[in-house]
Each structure stands twice: as C-alpha cells, then as structure tokens.
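> Input: one structure, supplied below.
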Amino acid sequence: MKVKMILPALTEALSPFWRPIKYHLFPPLGLATIASFFDEDDEIDLQDEHVEVLNLNDEPDLVVIQVYITSAYRAYELADHYKSKGAYIALGGLHVTSLPEEAAQHADTIFLGPGEDTWRQFLQDFRTGHPAKMYESKIRTLVGSPPIRRDLIKRHHYLVPNSIVVSRGCPHHCDFCYKDAFYKGGKSFYTQPVDDALAEIERLPGKHLYFLDDHIFGHEAFAAELFEGMKGMGRVWQAAATVQSIFKPGLLEKAAEAGLRSMFVGFETLNPHNLREQHKYHNLNRDYSGAIKRLREFGVMVNGSFVYGMDSDDDTVFDRTIEWAITQGIETATFHILTPYPGTLLYKRMLAQNRITIHNWDLYDTRHAVYSPTQMSVETLENGYWRSYRDFYRWSSIFKGVWTKDNLADRLRHLAYTGAWKKAEPIWDMLIRLKQVNHLLPTLENVLNSFDNHSLAKQNVNELPKSQLSHTST
Ligand code: B12
Ligand code: SF4
C-alpha cells in the first residue's frame, strides 16, 4: 500500500520572506508514532510542510493528515486535493478531536484522541475493506507500542531532531489547555514503561534531547526512575514542568544529574485571580521566584511562559510581567494571548458569554485576540503582546537579566543562549534557506552544557538547606 503522511503548515511557516526558526525545531513526532503500525512492505512518504515543499502529484492509496487548529484549513485543502484523486483520507489530531463534524466533511475516516489504539484497529479494518467513519480512542496505554518510525524523519531539516515524549497528557486541568478536550473519554495522563523510554533514548544519536511531554515531573515515581536510568548516558536535555513540581524534594536534583539544562515553566500569570479563574490551582500561592532560584541552583535555565488577556488583566499587565521576567533572570520567555480552543472549558465559557468574536482558526495562534477582553481593548492586548517580545529581548533587558547571575559561567551562558535565540533571527533564516540548520545542534549542546561547574548541583541533596527542598506543600 502507498501511504502519504502529511503535517500541514500554517501560512506563516511558508513565508518566502521569513522562516521563523520555531518551525524548524521539531520533527513530526505524532505521525512518526502512528507510522510504526504500518507493515514493513507499506511504502510510506512522510512530509512536513513546515520544512519542505509538498509533492502533491503523487497517487497514494491512503493519505494521513495531522490537523492542528492553526493548520486546519490547509489540512482540509490537502485532504480535498487527494480525495479528488481517489485516495482514502484519514484525519486525526487535536483539532479533529475538538471539532469532529467539521473535519469529517473532508475525510473518509476521522480519529478522536491519541492514535495508538485506534490507528492499529483502523489499519486492520482498512485492509479487510471495512473501515469505520470514526474511531474514538478509549484504551489509553503506551505499553507495547512499537518504536517510533524515526527512519521516516528527515533529520537534517531540524535543529532539534531528537524530540521525544515519554508520557501523554498531564495530571492537572487548566481551563485554557487543550488537554481535557483531547483526552476526554479515557485517561488523560499516562506514561511509557521506563524501560521503553530508556530504550527510545538509547536509539537517539548525539547528545541533545528535547522532551515534549506536557509535564515531565507529572508522575514522580516514573520521572525519578527515568532520571536514574538516564544518569551516565551523557545527555543534555530540555523539558517542561509546573512551578509546583520544581519544589518536589529530590526530583529536580535527579533530573539535573541526568542532564536537564533548561526547563519550560508555565507561570502563565502573576495574578492569583487569573489563576483561580482558569482553575490553575497548582500555581496558586507558589513562590515563582523560589522556583527560578532553585532551577538556577541546579544549572537549569528557564523558559517562562506567560498568558495575557485573562479577565483580571488590565493594560498594566504587560510592563509588570516583562519587568518581573527580566529581573528574575529568566533566559527565554514566551508570551501568548489567551486563546479559547474549541472543546476547552474556556471556549465554552466565552461562548456562553457571547465574547468570541473571531471563528477563523488561522487566527487561533495565540497572537490574536479572538475574543473580547474585559479590561482592555483588543488593540491594547495585541500591542502589549508584541511589545512584550520587543522589550524582553532588547539588549538592555538581556544584559539586565545576565547581571542577575552571580558567576561568569552563568552570565555567559545566559548571554549566548538568549542572544542566539532571539537576536540571531536573520542568521536562522539564512541557515534554514541553506538547509543547514541542523549544523548548529552541536553549538546548542555546548551552550546548554556550559554550566557544569555548579557547586550546589554537585552537593549531596541531603546537605541542602531544608527551605530549598520543601519550599511549598505538594
Ligand atoms: C512540539 C509542538 C510544536 C512544535 C512542532 C509541532 C510538530 N512538529 O508536530 C512547534 C514549535 C512548531 C509548534 C508550533 C505551534 N504550536 Co505547538 N505544540 C507542540 C507540543 C508541545 C508537542 C506536540 C507533539 O509532538 N506531541 C507528541 C505527539 C506524539 O503527539 P501528537 O502530535 O498529538 O500525535 C498524537 C495524536 O495527536 C494522534 N494523531 C495526530 N495526528 C493524527 C492523525 C491520525 C490519522 C491519527 C489516527 C492520529 C493522529 O496520534 C499521535 C500519537 O498519539 C504540543 C503540546 C502537546 N502536548 O501536544 C503543542 C501544541 C500542539 N501547539 C499548539 C499551538 C497553539 C501551536 C502554535 C499555534 C503556537 C504559536 N503561537 O506559534 C504553533 C503553530 C503550530 C502549527 N504548525 O500549526 C497547541 C495546539 C492547539 C490545537 N488545538 O491545535 C498545543 C496543544 C499547545 C497547547 N498547550 O496549547 N508546536
Ligand atoms: S499544567 Fe499545563 S499541560 Fe497541564 S493542564 Fe495545565 S496548562 Fe495543560
């Protein structure tokens, strides 16, 4: 059977004028995951439109498309194209799960939720000529999943070809998050067996790994065992976790020892009213500064994530947040405009309040206000969002952040990492065009690793002052 798998791109990623590096970071892991269920003699062509021009002149029997909200229209266009050529169309992913009726108009079969169980079943049914119109994931397990088809990934296109995900979902329930909508009808947080995760890591060449798990510290026992197993593998890695989990005694220590060098942390907002509104209770009354301090003590850089436009935000939120992020010495920050993804509680609430003003999914990219904010205009919100990036990444801010570090190695690493990330955009753009982006991976590894002289991280955990370990209740 001839199979075409496509990760469609949103328009911005295709611009002939500017190719943001973020679209050349990670390969299409979701598609490579479900590709592992094909037979050996199936002919698979996996194309990622973010990094290559699609060949649309082929004649596949089966077309498999992953649909994110921001690439939904493009996904439907591609589906219609192949449908008109007589191919069988399978659509799955987050947006299909949120809006199945919309997606079904462009598909022969749609898939709701994670694909591990449903895809296996579909392939059996398809081969016997009886595929269903819709498959809904019910069995949530990663036990027994075959290894990801990484051979289908064109590694040279990506700065971070070694992305990996060893769990699915997250134990929390925030109103704005995609998670509860995607995992409804079954478990919304589960992990791989540790041995399988370690085996997957072993299969990845080089040093650098990027864990795309929503919350790498989400299952403490799993995480501890994983980090234990990774010790001595010589990896350097990045991941995401909650503020709360950073204080869990012993976990960060183990992670740092296993090579953790940068952590994406969802601070989201500095306002407790906003946290309550979004049911993000695990961030309430947490010592954000203490979490950053603790990460720094273990040589872990911070990528802070912030969301603007919750109901308690007025036009002062931008300056306050930026100033806080800079003075905390956060190395990189991502800012988002609150976005009500269909299927989320936030969406339902805003719909009931008649506040959603835009239904064009292309604009659900966390850069547009698609709803009416309560305490500022849409224009103020969007301008504040753009200004945040400008202000956070101006040289004066970077140097202010650098000077919060108390030793030369930390300062240099902050400067190299932040400077390279945002200030070298034209260089990234050029490398992308020359298809050389992957050649900078060793530089990234070196920068991440240029922090090996840390005394605290090397101390025995038991010697640390108690206040640093049990800063907060868990
Ligand atoms: C890595 C990542 C990116 C990467 C690359 C994405 C890529 N190459 O796949 C980059 C940095 C480019 C990116 C960009 C953006 N992202 Co992003 N990203 C992620 C992240 C962290 C991990 C995705 C991942 O690889 N997961 C692991 C794999 C194994 O899971 P998966 O891809 O979902 O695949 C499984 C299922 O979905 C299913 N499946 C998928 N397709 C199909 C098809 C079929 C037929 C079947 C049967 C099953 C199936 O089976 C797979 C195995 O279970 C997610 C968060 C998350 N946890 O999903 C956000 C996430 C997907 N991103 C999101 C957003 C909003 C964006 C941006 C708009 C952000 C921005 N402001 O720029 C852009 C635009 C994305 C686009 N191209 O349209 C949202 C999506 C919301 C939505 N409803 O679509 C998420 C959920 C983050 C969030 N919490 O809000 N992103
Ligand atoms: S903690 Fe993060 S991943 Fe988990 S539900 Fe909240 S926003 Fe989503």
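As shown in the structure tokens, the chain order sets the letters A, B, ...; within each chain, residues go from 1, and ligands are also counted from 1 in the order they appear.
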If you count only C-alpha atoms and all ligand atoms, which residues end up within 7 Å of ligand 1, as an mmCIF file with C-alpha atoms, in the first residue's frame?


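Saved to selection-v4.cif:
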```cif
data_model
loop_
_atom_site.group_PDB
_atom_site.id
_atom_site.type_symbol
_atom_site.label_atom_id
_atom_site.label_comp_id
_atom_site.auth_asym_id
_atom_site.auth_seq_id
_atom_site.Cartn_x
_atom_site.Cartn_y
_atom_site.Cartn_z
ATOM 1 C CA ALA A 9 1.923 24.049 7.862
ATOM 2 C CA LEU A 10 0.227 27.236 8.846
ATOM 3 C CA LYS A 22 10.482 27.642 15.619
ATOM 4 C CA TYR A 23 9.028 25.753 12.649
ATOM 5 C CA HIS A 24 12.370 24.055 12.082
ATOM 6 C CA LEU A 25 12.776 22.879 15.635
ATOM 7 C CA PHE A 26 10.843 19.634 15.937
ATOM 8 C CA PRO A 27 10.043 16.815 13.510
ATOM 9 C CA PRO A 28 6.509 15.398 13.097
ATOM 10 C CA LEU A 29 6.639 13.038 16.036
ATOM 11 C CA GLY A 30 2.892 12.282 16.142
ATOM 12 C CA LEU A 31 2.841 10.972 12.574
ATOM 13 C CA THR A 33 4.479 7.470 16.086
ATOM 14 C CA ILE A 34 1.408 6.137 14.309
ATOM 15 C CA VAL A 64 -2.958 10.508 6.686
ATOM 16 C CA ILE A 65 -3.046 14.118 7.860
ATOM 17 C CA GLN A 66 -2.415 15.555 11.330
ATOM 18 C CA VAL A 67 -4.627 18.564 11.999
ATOM 19 C CA TYR A 68 -3.717 21.356 14.418
ATOM 20 C CA ILE A 69 -6.061 24.302 14.782
ATOM 21 C CA THR A 70 -3.785 26.762 13.004
ATOM 22 C CA SER A 71 -3.226 24.462 10.056
ATOM 23 C CA ALA A 90 -7.700 9.770 7.348
ATOM 24 C CA LEU A 91 -7.678 12.872 9.548
ATOM 25 C CA GLY A 92 -6.655 12.954 13.203
ATOM 26 C CA GLY A 93 -5.049 15.105 15.859
ATOM 27 C CA LEU A 94 -6.085 17.830 18.272
ATOM 28 C CA HIS A 95 -8.363 19.883 16.073
ATOM 29 C CA ILE A 110 -11.649 10.694 11.452
ATOM 30 C CA PHE A 111 -9.807 9.828 14.665
ATOM 31 C CA GLY A 113 -7.859 11.407 20.748
ATOM 32 C CA PRO A 114 -4.437 9.765 20.790
ATOM 33 C CA GLY A 115 -3.830 7.397 17.881
ATOM 34 C CA GLU A 116 -2.087 4.391 19.416
ATOM 35 C CA THR A 118 -7.447 3.480 17.118
ATOM 36 C CA TRP A 119 -4.897 3.509 14.329
ATOM 37 C CA VAL A 165 7.733 12.218 24.500
ATOM 38 C CA GLY A 169 -1.194 14.459 28.914
ATOM 39 C CA CYS A 177 -5.471 23.944 27.989
ATOM 40 C CA TYR A 178 -6.035 21.614 25.016
ATOM 41 C CA LEU A 212 7.885 17.412 24.577
ATOM 42 C CA ASP A 213 5.894 15.974 27.468
ATOM 43 C CA ASP A 214 3.403 18.437 28.904
ATOM 44 C CA HIS A 336 0.723 34.249 24.470
ATOM 45 C CA TYR A 341 -9.509 26.472 21.765
ATOM 46 C CA TYR A 364 -6.088 30.981 16.861
ATOM 47 C CA ASP A 365 -2.320 31.227 17.011
ATOM 48 C CA THR A 366 -2.039 32.890 20.435
ATOM 49 C CA ARG A 367 -1.028 36.122 18.733
#
```

> Find the residues near Ala35 of chain A: any atom within 12 Å, counting only C-alpha atoms, skip ones fewer than 6 places away on the same chain, and give them as a list of chain:residue names.

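Final neighbour list, sorted by chain and number: A:Val3, A:Lys4, A:Met5, A:Ile6, A:Pro28, A:Leu29, A:Asp42, A:Glu43, A:Ile44, A:Asp45, A:Leu46, A:Val63, A:Val64, A:Ile65, A:Gln66, A:Gly115, A:Glu116, A:Trp119, A:Arg120, A:Leu123, A:Ser145, A:Pro146, A:Pro147, A:Ile148, A:Arg149, A:Arg150, A:Asp151, A:Leu152, A:Ile153.
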
> One number please: atom CA of Leu270 of chain A to atom CA of Pro340 of chain A, in Å, one decimal.

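Computing it gives 19.9 Å between the two atoms.
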
> What does the list of residues within 6 Å of ligand 2 look like if you count only C-alpha atoms and all ligand atoms, written as a PyMOL selection string?

chain A and resi 170+172-174+177+179+214

> Given only C-alpha atoms as the basis, pick out the residue of A:Ser15, A:Thr327, A:Gln375, A:Ser450 nearest to Arg411 of chain A.

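Result for the nearest residue to Arg411 of chain A: A:Ser450.
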
> So that I can see what lies close to Arg296 of chain A, please list as a list in words the residues with an atom at most 9 Å from it, counting only C-alpha atoms and leaving out residues fewer than 6 positions away in the same chain.

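Residues near the query, excluding close chain neighbours: Val302, Lys405 and Asp410 of chain A.
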
> Hey, can you spit out that residue selection with N, CA and C atoms as a compact mmCIF listing (two decimals), in the first residue's frame?


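Generated file (selection38.txt):
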```txt
# COMPACT_ATOMS: atom_id res chain seq x y z
N VAL A 302 15.77 28.80 32.42
CA VAL A 302 14.31 28.88 32.50
C VAL A 302 13.73 29.49 31.23
N LYS A 405 22.75 37.02 37.36
CA LYS A 405 23.51 35.78 37.63
C LYS A 405 24.76 36.14 38.42
N ASP A 410 27.51 31.41 34.33
CA ASP A 410 26.06 31.59 34.16
C ASP A 410 25.76 32.78 33.27
```

> Which residues, written as JSON, numbers by chain, have at least one atom at most 12 Å from Tyr385 of chain A, with only C-alpha atoms counted and residues fewer than 4 positions away on the same chain left out?

{"A": [306, 307, 308, 309, 315, 316, 317, 318, 319, 321, 322, 333, 334, 335, 336, 337, 338, 366, 367, 368, 369, 378, 379, 380, 381, 389, 390, 391, 392]}

> Output C-alpha atoms of each residue in that selection to a file, as a PDB file, in the first residue's frame.


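Written out: again_28.pdb:
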```
ATOM      1  CA  PHE A 306       3.058  33.836  30.146  1.00  0.00           C
ATOM      2  CA  VAL A 307      -0.528  34.272  29.014  1.00  0.00           C
ATOM      3  CA  TYR A 308      -2.161  37.688  28.592  1.00  0.00           C
ATOM      4  CA  GLY A 309      -5.815  38.663  28.476  1.00  0.00           C
ATOM      5  CA  ASP A 315      -3.265  47.312  30.445  1.00  0.00           C
ATOM      6  CA  THR A 316      -0.679  47.331  33.239  1.00  0.00           C
ATOM      7  CA  VAL A 317      -0.124  43.588  32.921  1.00  0.00           C
ATOM      8  CA  PHE A 318       2.493  43.858  30.185  1.00  0.00           C
ATOM      9  CA  ASP A 319       5.002  46.121  31.946  1.00  0.00           C
ATOM     10  CA  THR A 321       5.181  40.844  33.610  1.00  0.00           C
ATOM     11  CA  ILE A 322       8.116  41.887  31.451  1.00  0.00           C
ATOM     12  CA  ALA A 333      10.201  33.860  27.652  1.00  0.00           C
ATOM     13  CA  THR A 334       7.213  33.006  25.511  1.00  0.00           C
ATOM     14  CA  PHE A 335       4.177  35.260  25.642  1.00  0.00           C
ATOM     15  CA  HIS A 336       0.723  34.249  24.470  1.00  0.00           C
ATOM     16  CA  ILE A 337      -2.635  35.879  24.079  1.00  0.00           C
ATOM     17  CA  LEU A 338      -5.238  33.767  25.830  1.00  0.00           C
ATOM     18  CA  THR A 366      -2.039  32.890  20.435  1.00  0.00           C
ATOM     19  CA  ARG A 367      -1.028  36.122  18.733  1.00  0.00           C
ATOM     20  CA  HIS A 368      -4.518  37.383  18.009  1.00  0.00           C
ATOM     21  CA  ALA A 369      -7.271  38.276  20.452  1.00  0.00           C
ATOM     22  CA  VAL A 378      -8.297  44.049  21.588  1.00  0.00           C
ATOM     23  CA  GLU A 379      -5.803  46.531  20.189  1.00  0.00           C
ATOM     24  CA  THR A 380      -4.183  47.134  23.590  1.00  0.00           C
ATOM     25  CA  LEU A 381      -3.938  43.394  24.164  1.00  0.00           C
ATOM     26  CA  TYR A 389       8.706  40.301  22.926  1.00  0.00           C
ATOM     27  CA  ARG A 390      10.420  43.508  21.871  1.00  0.00           C
ATOM     28  CA  ASP A 391      11.018  44.663  25.442  1.00  0.00           C
ATOM     29  CA  PHE A 392      12.068  41.316  26.839  1.00  0.00           C
TER      30      PHE A 392
END
```

> Considering only C-alpha atoms, can you say which of A:Glu382, A:Asp314, A:Ala103, A:Val447 comes closest to Ala409 of chain A?

A:Val447

> Find the distance between atom CA of Leu251 of chain A and atom CA of Glu220 of chain A and write it in Å to one decimal.

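Between atom CA of Leu251 of chain A and atom CA of Glu220 of chain A the gap is 7.4 Å.
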